[in-house]
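Structure file protein_31.cif; described as mmCIF, C-alpha atoms.
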```
data_coords
loop_
_atom_site.label_atom_id
_atom_site.label_comp_id
_atom_site.auth_asym_id
_atom_site.auth_seq_id
_atom_site.Cartn_x
_atom_site.Cartn_y
_atom_site.Cartn_z
CA MET A 151 -13.40 7.10 -13.86
CA LEU A 152 -10.20 7.49 -11.81
CA GLU A 153 -12.13 7.34 -8.52
CA LYS A 154 -13.82 4.08 -9.50
CA LYS A 155 -10.55 2.63 -10.75
CA LEU A 156 -8.88 3.19 -7.38
CA ASP A 157 -11.73 2.06 -5.14
CA HIS A 158 -9.65 -0.91 -3.98
CA TRP A 159 -7.02 1.48 -2.60
CA SER A 160 -9.58 3.90 -1.18
CA ASN A 161 -11.10 0.90 0.58
CA TYR A 162 -7.76 0.02 2.15
CA TRP A 163 -6.87 3.53 3.34
CA ALA A 164 -10.29 3.77 4.99
CA THR A 165 -8.99 1.22 7.52
CA GLY A 166 -6.67 3.88 8.94
CA TYR A 167 -3.47 1.89 8.48
CA LEU A 168 -0.46 4.05 7.71
CA THR A 169 1.47 1.53 5.63
CA SER A 170 0.41 -1.02 3.03
CA LEU A 171 2.19 -3.66 5.16
CA PRO A 172 0.49 -3.52 8.58
CA GLU A 173 1.76 -6.98 9.52
CA ASP A 174 5.37 -5.76 9.22
CA PHE A 175 5.15 -2.30 10.80
CA GLN A 176 3.40 -1.75 14.10
CA VAL A 177 2.37 1.82 13.28
CA ASN A 178 4.51 3.60 10.68
CA TYR A 179 7.62 2.69 8.71
CA ASP A 180 10.50 2.22 11.12
CA GLY A 181 14.03 0.77 11.18
CA GLU A 182 16.17 1.32 8.10
CA ILE A 183 13.32 2.80 6.08
CA ALA A 184 12.67 5.52 8.67
CA GLU A 185 16.41 6.09 9.11
CA TRP A 186 16.85 6.71 5.38
CA TRP A 187 14.03 9.23 5.38
CA HIS A 188 15.46 10.99 8.42
CA GLY A 189 18.70 11.39 6.48
CA VAL A 190 16.78 13.02 3.63
CA PHE A 191 14.98 15.42 5.97
CA ALA A 192 18.22 16.29 7.79
CA GLU A 193 19.61 18.00 4.67
CA LEU A 194 16.67 20.37 4.31
CA PRO A 195 16.77 23.96 5.55
CA ILE A 196 14.28 25.41 8.03
CA ASN A 197 10.78 26.11 6.64
CA SER A 198 11.19 23.75 3.70
CA LYS A 199 8.07 22.89 1.73
CA ILE A 200 7.51 19.13 1.29
CA LEU A 201 5.04 17.28 -0.92
CA ASP A 202 4.48 13.55 -0.35
CA LEU A 203 3.29 11.78 -3.51
CA CYS A 204 0.98 8.75 -3.48
CA THR A 205 0.74 9.36 0.24
CA GLY A 206 -1.96 6.87 1.18
CA ASN A 207 -2.67 7.76 4.80
CA GLY A 208 0.40 9.94 5.06
CA ALA A 209 3.12 7.61 6.33
CA ILE A 210 6.06 9.62 4.96
CA ALA A 211 4.28 12.94 5.49
CA LEU A 212 3.98 12.00 9.17
CA LEU A 213 7.67 11.08 9.35
CA ALA A 214 8.47 14.50 7.88
CA SER A 215 6.09 16.32 10.21
CA LYS A 216 7.56 14.61 13.29
CA TYR A 217 11.14 15.18 12.16
CA GLY A 218 10.47 18.83 11.48
CA LYS A 219 8.96 19.40 14.91
CA ASN A 220 11.57 17.40 16.82
CA ASN A 221 14.42 19.19 15.04
CA ARG A 222 12.89 22.68 14.99
CA LYS A 223 12.77 22.82 11.20
CA SER A 224 9.14 23.95 10.86
CA PHE A 225 8.44 22.00 7.65
CA SER A 226 5.33 22.76 5.63
CA VAL A 227 4.02 19.32 4.64
CA ASN A 228 1.50 18.56 1.90
CA ALA A 229 0.36 15.10 0.83
CA ILE A 230 -1.56 13.90 -2.25
CA ASP A 231 -3.02 10.62 -3.44
CA ALA A 232 -5.07 9.59 -6.47
CA SER A 233 -7.41 7.59 -4.23
CA ARG A 234 -9.82 8.96 -1.64
CA ILE A 235 -8.07 9.68 1.65
CA ASP A 236 -9.35 10.95 4.98
CA ALA A 237 -7.01 11.68 7.88
CA SER A 238 -9.85 11.01 10.33
CA SER A 239 -9.48 7.27 9.62
CA VAL A 240 -5.88 7.47 10.85
CA LEU A 241 -6.98 9.37 13.95
CA ARG A 242 -9.48 6.66 14.83
CA ARG A 243 -6.81 3.98 14.68
CA TYR A 244 -3.87 6.04 15.97
CA PRO A 245 -5.18 8.96 18.06
CA GLU A 246 -1.65 9.64 19.29
CA GLN A 247 -0.81 10.93 15.79
CA ALA A 248 -3.21 13.88 16.08
CA GLU A 249 -0.55 16.51 16.80
CA PHE A 250 1.38 15.68 13.65
CA LEU A 251 -1.55 14.94 11.35
CA LYS A 252 -2.97 18.42 11.85
CA GLN A 253 0.28 19.85 10.44
CA ILE A 254 -0.28 18.05 7.10
CA LYS A 255 -2.46 19.31 4.26
CA PHE A 256 -4.02 16.27 2.54
CA MET A 257 -5.44 16.22 -0.99
CA GLY A 258 -7.27 13.12 -2.21
CA ASP A 259 -8.31 12.36 -5.81
CA CYS A 260 -5.12 14.11 -6.94
CA SER A 261 -2.89 12.30 -9.42
CA VAL A 262 0.87 12.75 -9.57
CA GLU A 263 0.70 13.16 -13.33
CA ASN A 264 -1.44 16.31 -13.03
CA THR A 265 -1.46 17.82 -9.55
CA GLY A 266 -2.59 21.32 -10.43
CA LEU A 267 -0.15 22.68 -7.80
CA SER A 268 2.17 25.66 -8.23
CA SER A 269 5.36 25.31 -10.27
CA ALA A 270 8.81 25.52 -8.65
CA TYR A 271 7.20 25.58 -5.21
CA PHE A 272 8.55 22.57 -3.26
CA ASP A 273 11.97 21.94 -1.73
CA LEU A 274 11.37 18.18 -1.50
CA LEU A 275 9.05 15.65 -3.12
CA THR A 276 8.81 12.21 -1.53
CA SER A 277 7.27 8.83 -2.31
CA GLN A 278 7.24 5.45 -0.55
CA TYR A 279 6.07 2.56 -2.74
CA GLY A 280 4.06 4.99 -4.85
CA VAL A 281 5.58 6.80 -7.81
CA GLU A 282 6.36 3.53 -9.59
CA TYR A 283 2.59 2.94 -9.88
CA CYS A 284 2.19 6.13 -11.92
CA ASN A 285 2.69 6.85 -15.58
CA TRP A 286 6.47 7.25 -15.33
CA SER A 287 6.97 9.76 -18.12
CA LEU A 288 4.10 12.07 -17.12
CA ALA A 289 4.96 11.82 -13.43
CA ALA A 290 8.60 12.73 -14.08
CA LYS A 291 7.64 15.87 -15.99
CA GLU A 292 5.24 16.96 -13.25
CA ILE A 293 7.79 16.30 -10.51
CA ASP A 294 10.37 18.42 -12.33
CA ARG A 295 7.79 21.19 -12.71
CA LEU A 296 6.88 21.19 -9.01
CA LEU A 297 10.44 21.32 -7.67
CA LYS A 298 12.34 24.50 -6.97
CA PRO A 299 15.78 24.74 -8.60
CA GLY A 300 18.07 22.90 -6.21
CA GLY A 301 15.13 20.94 -4.76
CA TYR A 302 15.12 17.18 -4.18
CA PHE A 303 13.00 14.21 -5.21
CA ALA A 304 13.52 11.22 -2.91
CA PHE A 305 11.70 7.91 -3.01
CA ILE A 306 11.81 4.24 -2.06
CA SER A 307 10.33 1.95 -4.68
CA HIS A 308 9.59 -1.69 -5.16
CA ALA A 309 12.40 -3.51 -6.93
CA SER A 310 12.58 -6.48 -9.27
CA SER A 311 12.75 -8.98 -6.39
CA THR A 312 12.09 -8.20 -2.74
CA GLU A 313 10.58 -9.82 0.34
CA ILE A 314 7.43 -7.78 -0.30
CA GLN A 315 7.15 -9.24 -3.78
CA ASN A 316 7.50 -12.75 -2.33
CA ILE A 317 4.63 -12.06 0.06
CA MET A 318 2.43 -10.71 -2.74
CA GLU A 319 3.16 -13.71 -4.95
CA GLN A 320 2.22 -16.02 -2.07
CA GLU A 321 -1.03 -14.13 -1.57
CA ALA A 322 -1.83 -14.34 -5.29
CA ARG A 323 -1.43 -18.12 -5.10
CA GLU A 324 -3.71 -18.27 -2.07
CA TYR A 325 -6.43 -16.23 -3.75
CA ALA A 326 -6.16 -18.54 -6.76
CA ASN A 327 -6.67 -21.54 -4.49
CA LEU A 328 -9.73 -19.96 -2.88
CA HIS A 329 -11.19 -19.55 -6.37
CA ARG A 330 -10.06 -23.00 -7.49
CA TRP A 331 -11.65 -24.83 -4.57
CA GLY A 332 -14.93 -22.97 -4.86
CA PHE A 333 -15.02 -20.74 -1.77
CA TYR A 334 -16.17 -17.60 -3.58
CA GLY A 335 -18.59 -19.57 -5.75
CA VAL A 336 -20.29 -21.12 -2.72
CA VAL A 337 -20.59 -17.80 -0.93
CA ARG A 338 -21.91 -16.12 -4.05
CA GLY A 339 -24.55 -18.87 -4.40
CA PHE A 340 -25.69 -18.22 -0.83
CA LEU A 341 -25.76 -14.43 -1.25
CA ASP A 342 -27.72 -14.73 -4.51
CA GLY A 343 -30.30 -17.04 -2.88
CA GLU A 344 -29.35 -20.05 -4.99
CA LEU A 345 -28.17 -22.05 -1.97
CA GLY A 346 -29.87 -22.47 1.39
CA ALA A 347 -28.06 -22.27 4.72
CA ARG A 348 -27.61 -26.01 5.23
CA GLU A 349 -26.39 -26.67 1.71
CA THR A 350 -24.00 -23.71 1.90
CA GLN A 351 -22.54 -24.97 5.18
CA LYS A 352 -22.14 -28.44 3.71
CA ARG A 353 -20.25 -27.12 0.69
CA LEU A 354 -18.11 -24.84 2.83
CA ARG A 355 -16.98 -27.84 4.89
CA LYS A 356 -15.83 -29.55 1.69
CA VAL A 357 -14.00 -26.41 0.61
CA ASN A 358 -12.32 -26.19 3.99
CA LYS A 359 -10.99 -29.75 3.81
CA ARG A 360 -9.22 -28.85 0.57
CA LEU A 361 -7.92 -25.57 2.01
CA LEU A 362 -6.55 -27.30 5.09
CA LYS A 363 -4.53 -29.65 2.91
CA ILE A 364 -3.08 -26.73 0.96
CA HIS A 365 -2.51 -24.70 4.12
CA ALA A 366 -0.56 -27.54 5.70
CA LYS A 367 1.88 -27.24 2.80
CA TYR A 368 2.07 -23.46 2.30
CA ARG A 369 1.15 -22.05 5.76
CA GLY A 370 -0.29 -18.90 4.23
CA ALA A 371 -1.91 -16.28 6.49
CA LEU A 372 -4.76 -15.66 4.03
CA LEU A 373 -5.74 -19.32 3.85
CA ASP A 374 -5.43 -19.66 7.60
CA ASN A 375 -7.75 -16.71 8.21
CA THR A 376 -10.28 -17.88 5.62
CA SER A 377 -10.26 -21.42 7.00
CA GLN A 378 -11.04 -20.09 10.48
CA VAL A 379 -13.94 -18.06 9.07
CA ILE A 380 -15.31 -21.14 7.30
CA GLN A 381 -15.06 -23.21 10.48
CA ARG A 382 -17.08 -20.62 12.41
CA LEU A 383 -19.69 -20.44 9.66
CA ALA A 384 -19.98 -24.20 9.37
CA SER A 385 -20.52 -24.62 13.13
CA MET A 386 -23.48 -22.18 13.32
CA ASP A 387 -27.09 -23.27 13.52
CA ALA A 388 -29.08 -22.63 10.35
CA VAL A 389 -30.98 -19.64 11.76
CA SER A 390 -27.81 -17.83 12.91
CA PHE A 391 -26.09 -18.62 9.62
CA GLY A 392 -28.96 -16.98 7.75
CA PHE A 393 -28.11 -13.67 9.39
CA THR A 394 -24.50 -13.65 8.18
CA LYS A 395 -25.19 -12.39 4.67
CA ASP A 396 -24.09 -8.81 5.26
CA LYS A 397 -20.90 -9.93 7.00
CA LEU A 398 -20.11 -12.44 4.26
CA LYS A 399 -20.72 -9.84 1.57
CA PHE A 400 -18.33 -7.44 3.33
CA PHE A 401 -15.74 -10.21 3.80
CA CYS A 402 -15.76 -11.05 0.09
CA MET A 403 -15.66 -7.37 -0.89
CA GLN A 404 -12.54 -6.94 1.24
CA HIS A 405 -10.98 -9.96 -0.45
CA ALA A 406 -11.82 -8.59 -3.90
CA CYS A 407 -10.16 -5.24 -3.11
CA ALA A 408 -7.10 -6.96 -1.64
CA GLN A 409 -6.73 -9.12 -4.76
CA LYS A 410 -6.71 -5.99 -6.93
CA ARG A 411 -4.04 -4.38 -4.75
CA THR A 412 -1.92 -7.53 -5.02
CA LYS A 413 -2.31 -7.49 -8.80
CA ASP A 414 -1.28 -3.83 -8.88
CA MET A 415 1.92 -4.54 -6.99
CA LEU A 416 2.84 -7.56 -9.11
CA ARG A 417 2.09 -5.59 -12.30
CA VAL A 418 4.44 -2.83 -11.18
CA THR A 419 7.16 -5.32 -10.28
CA LYS A 420 6.81 -6.93 -13.71
CA SER A 421 7.25 -3.51 -15.32
CA ILE A 422 10.40 -2.88 -13.28
CA VAL A 423 11.80 -6.27 -14.26
CA ALA A 424 11.15 -5.46 -17.91
CA THR A 425 12.69 -1.97 -17.56
CA PRO A 426 15.32 -2.19 -14.77
CA GLU A 427 16.56 1.35 -15.43
CA TRP A 428 13.06 2.80 -15.36
CA TYR A 429 14.22 5.46 -12.88
CA ARG A 430 16.25 7.09 -15.67
CA ILE A 431 13.01 8.69 -16.79
CA PHE A 432 13.53 11.30 -14.05
CA GLU A 433 16.93 12.16 -15.55
CA GLU A 434 15.31 12.56 -18.93
CA ALA A 435 12.91 15.05 -17.34
CA GLY A 436 15.85 17.14 -16.13
CA LEU A 437 16.71 15.81 -12.66
CA VAL A 438 20.13 14.55 -11.60
CA LEU A 439 20.56 11.26 -9.75
CA ILE A 440 22.70 11.94 -6.66
CA GLY A 441 22.11 8.78 -4.62
CA ARG A 442 20.88 5.22 -4.89
CA GLN A 443 20.98 2.29 -2.45
CA LYS A 444 19.26 -0.90 -1.43
CA ILE A 445 17.12 -0.77 1.70
CA LEU A 446 17.53 -3.82 3.93
CA GLN A 447 14.91 -3.84 6.67
CA LYS A 448 16.16 -5.38 9.93
CA GLY A 449 19.52 -5.79 8.22
CA LYS A 450 18.42 -8.66 5.99
CA PHE A 451 15.03 -8.22 4.32
CA TYR A 452 15.32 -6.53 0.93
CA ALA A 453 12.61 -3.86 1.14
CA GLY A 454 13.30 -1.89 -2.04
CA GLU A 455 15.52 0.66 -3.76
CA ALA A 456 16.04 4.19 -2.44
CA TYR A 457 16.74 7.02 -4.88
CA LYS A 458 17.54 10.70 -4.48
CA PHE A 459 17.45 13.20 -7.35
CA GLN A 460 18.13 16.92 -7.44
CA LYS A 461 16.85 19.59 -9.78
CA PRO A 462 19.73 21.66 -11.15
CA THR A 463 19.92 25.31 -10.10
#
```

Write the structure described by the file as structure tokens, please.
Amino acid sequence: MLEKKLDHWSNYWATGYLTSLPEDFQVNYDGEIAEWWHGVFAELPINSKILDLCTGNGAIALLASKYGKNNRKSFSVNAIDASRIDASSVLRRYPEQAEFLKQIKFMGDCSVENTGLSSAYFDLLTSQYGVEYCNWSLAAKEIDRLLKPGGYFAFISHASSTEIQNIMEQEAREYANLHRWGFYGVVRGFLDGELGARETQKRLRKVNKRLLKIHAKYRGALLDNTSQVIQRLASMDAVSFGFTKDKLKFFCMQHACAQKRTKDMLRVTKSIVATPEWYRIFEEAGLVLIGRQKILQKGKFYAGEAYKFQKPT
């Protein structure tokens, strides 16, 4: 059940991207986000054991692995995610990461709420845009159980209003417009055999006229990309268009997964707005808050809230 529920995230991590924001980060998190994490790693002793929660393709685990090697700290880095993950997808996209990836032990289909890992084993637990997606109460109890006395839990989470949220809200509006103006309905009719090639192309041209009007106002990347796809489809001869079914099916599947990921993020943000002190759940589980700050990427873009907790000795 869990595997099926997270297919939209498994689908994304199969692309090999390290972050959930590939348009904003060339490879991995950099700038102020990376600097904050380096500060966390700097306080750890040699041979510390690190567990990255909700790791995705291991963005923060990689930062830890690189920092440990470059500073002769010899970290032992583990990384878990509730979705399916495969480090080979990262290697295909970023082969230069091979040296550091091989130092990380990945575990997919592993939820934060019930990891099955040893108690009081880790010196540091980390999360980047991840732990807030979990069941907060259950995750907090498990995090406390996993940490050694004196160990740290550090994470950067989405906040009630950030630049990332603005982007997701814009995408949600664009997906709504694609539904509203019939793009998915036309494609579905073609894939199901209800519409022939010529009729499908005719309807897609009508859809595109509407999208172009909206795009002129909102300038959204999603609408721009979809409009370009429609233009290419509409300009094909009927025979060539008939052979696009597999590609169109894949294109729509990717859109469906992306819409679910957008909904996930907006749902989490809504929960944080409704419970602004949600992070206190980690204090209730026994941890002590020792640091909190806003993260401003490039000095101006509000990227989220950074927290650092410690387990009492």

Quick one, how far is CA of Leu274 in chain A from CA of Gln247 in chain A?
->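 Computed distance, CA of Leu274 in chain A to CA of Gln247 in chain A, equals 22.4 Å.
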
One decimal, Å: what's the distance from CA of Thr169 in chain A over to CA of Cys407 in chain A, could you say?
-> 16.0 Å

Which residues, named as in the file, does the PyMOL selection byres ((chain A and resi 462) around 7) pick out? Answer as a PDB file with C-alpha atoms, in the coordinates of the input.
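Output file out.pdb is given in full below:
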```
ATOM      1  CA  PRO A 299      15.780  24.740  -8.600  1.00  0.00           C
ATOM      2  CA  GLY A 300      18.070  22.900  -6.210  1.00  0.00           C
ATOM      3  CA  LEU A 437      16.710  15.810 -12.660  1.00  0.00           C
ATOM      4  CA  GLN A 460      18.130  16.920  -7.440  1.00  0.00           C
ATOM      5  CA  LYS A 461      16.850  19.590  -9.780  1.00  0.00           C
ATOM      6  CA  THR A 463      19.920  25.310 -10.100  1.00  0.00           C
TER       7      THR A 463
END
```

If the PyMOL selection byres ((chain A and resi 384) around 10) is run on the structure shown, which residues does it catch, given as a PyMOL selection string?
-> chain A and resi 347-348+350-355+358+378-383+385-388+391

Hey, what comes out of the PyMOL selection byres ((chain A and resi 445) around 7) on this file? Could you write it as a list of chain:residue names?
-> A:Glu182, A:Ile183, A:Gln443, A:Lys444, A:Leu446, A:Gln447, A:Tyr452, A:Ala453, A:Gly454, A:Glu455, A:Ala456

Interatomic distance, CA of Phe459 in chain A to CA of Gln253 in chain A (Å, one decimal) =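 These atoms are spaced 25.6 Å apart.
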
Identify the residues around (7.1, 4.3, 0.5) within a radius of 8 Å, measuring from only C-alpha atoms in the coordinates stated by the file, and give them as an NGL selection string.
-> :A and (209-210 or 277-280 or 305-307)

Exercise: Ala192 in chain A partners within 12 Å, all atoms listed in the file, chain neighbours under 2 positions left out, as a PyMOL selection string = chain A and resi 185-190+194-196+198+213-214+217-218+220-223+225+274

Closest atom pairs, residues of range 336-413 of chain A within 10 Å of range 155-166 of chain A, only C-alpha atoms, as a Markdown table:
```
| residue | atom | partner | partner_atom | distance |
| --- | --- | --- | --- | --- |
| A:Met403 | CA | A:His158 | CA | 9.3 |
| A:Gln404 | CA | A:Asn161 | CA | 8.0 |
| A:His405 | CA | A:His158 | CA | 9.8 |
| A:Ala406 | CA | A:His158 | CA | 8.0 |
| A:Cys407 | CA | A:His158 | CA | 4.4 |
| A:Ala408 | CA | A:His158 | CA | 7.0 |
| A:Gln409 | CA | A:His158 | CA | 8.7 |
| A:Lys410 | CA | A:His158 | CA | 6.6 |
| A:Arg411 | CA | A:His158 | CA | 6.6 |
```

Counting all atoms listed in the file, figure out which residue out of A:Glu344, A:Asp294, A:Glu313, A:Asp414 gets nearest to Leu275 in chain A.
-> A:Asp294

May I have the protein, DNA and RNA residues with any atom at most 8 Å from the point (9.3, 24.3, -4.8), counting only C-alpha atoms, written as a VMD selection string?
-> chain A and resid 199 269 to 274 296 to 299 301

Taking into account only C-alpha atoms, which residue in the set A:Gly332, A:Gly206, A:Gly343, A:Gly266 is nearest to Ala237 in chain A?
-> A:Gly206

From A:Val337, A:Tyr429, A:Arg442, A:Glu246, residue lying nearest Lys397 in chain A [only C-alpha atoms] |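 Using only C-alpha atoms, the shortest distance to Lys397 in chain A belongs to A:Val337.
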
Which of these residues is nearest to Phe256 in chain A, using only C-alpha atoms: A:Lys359, A:Arg338, A:Arg234, A:Lys399?
-> A:Arg234

Selected residue of minimal separation from Leu439 in chain A among A:Tyr325, A:Tyr457, A:Phe175, A:Tyr334, counting only C-alpha atoms = A:Tyr457

Got a sec: who's within 12 Å of Met318 in chain A, counting all atoms listed in the file, leaving out chain neighbours fewer than 5 positions off, as a PyMOL selection string?
-> chain A and resi 170-171+308+311-313+323-325+370-372+408-419

Pick out the closest residue to Gly208 in chain A from this set: A:Leu251, A:Leu362, A:Leu241, A:Ala232. Count only C-alpha atoms.
-> A:Leu251
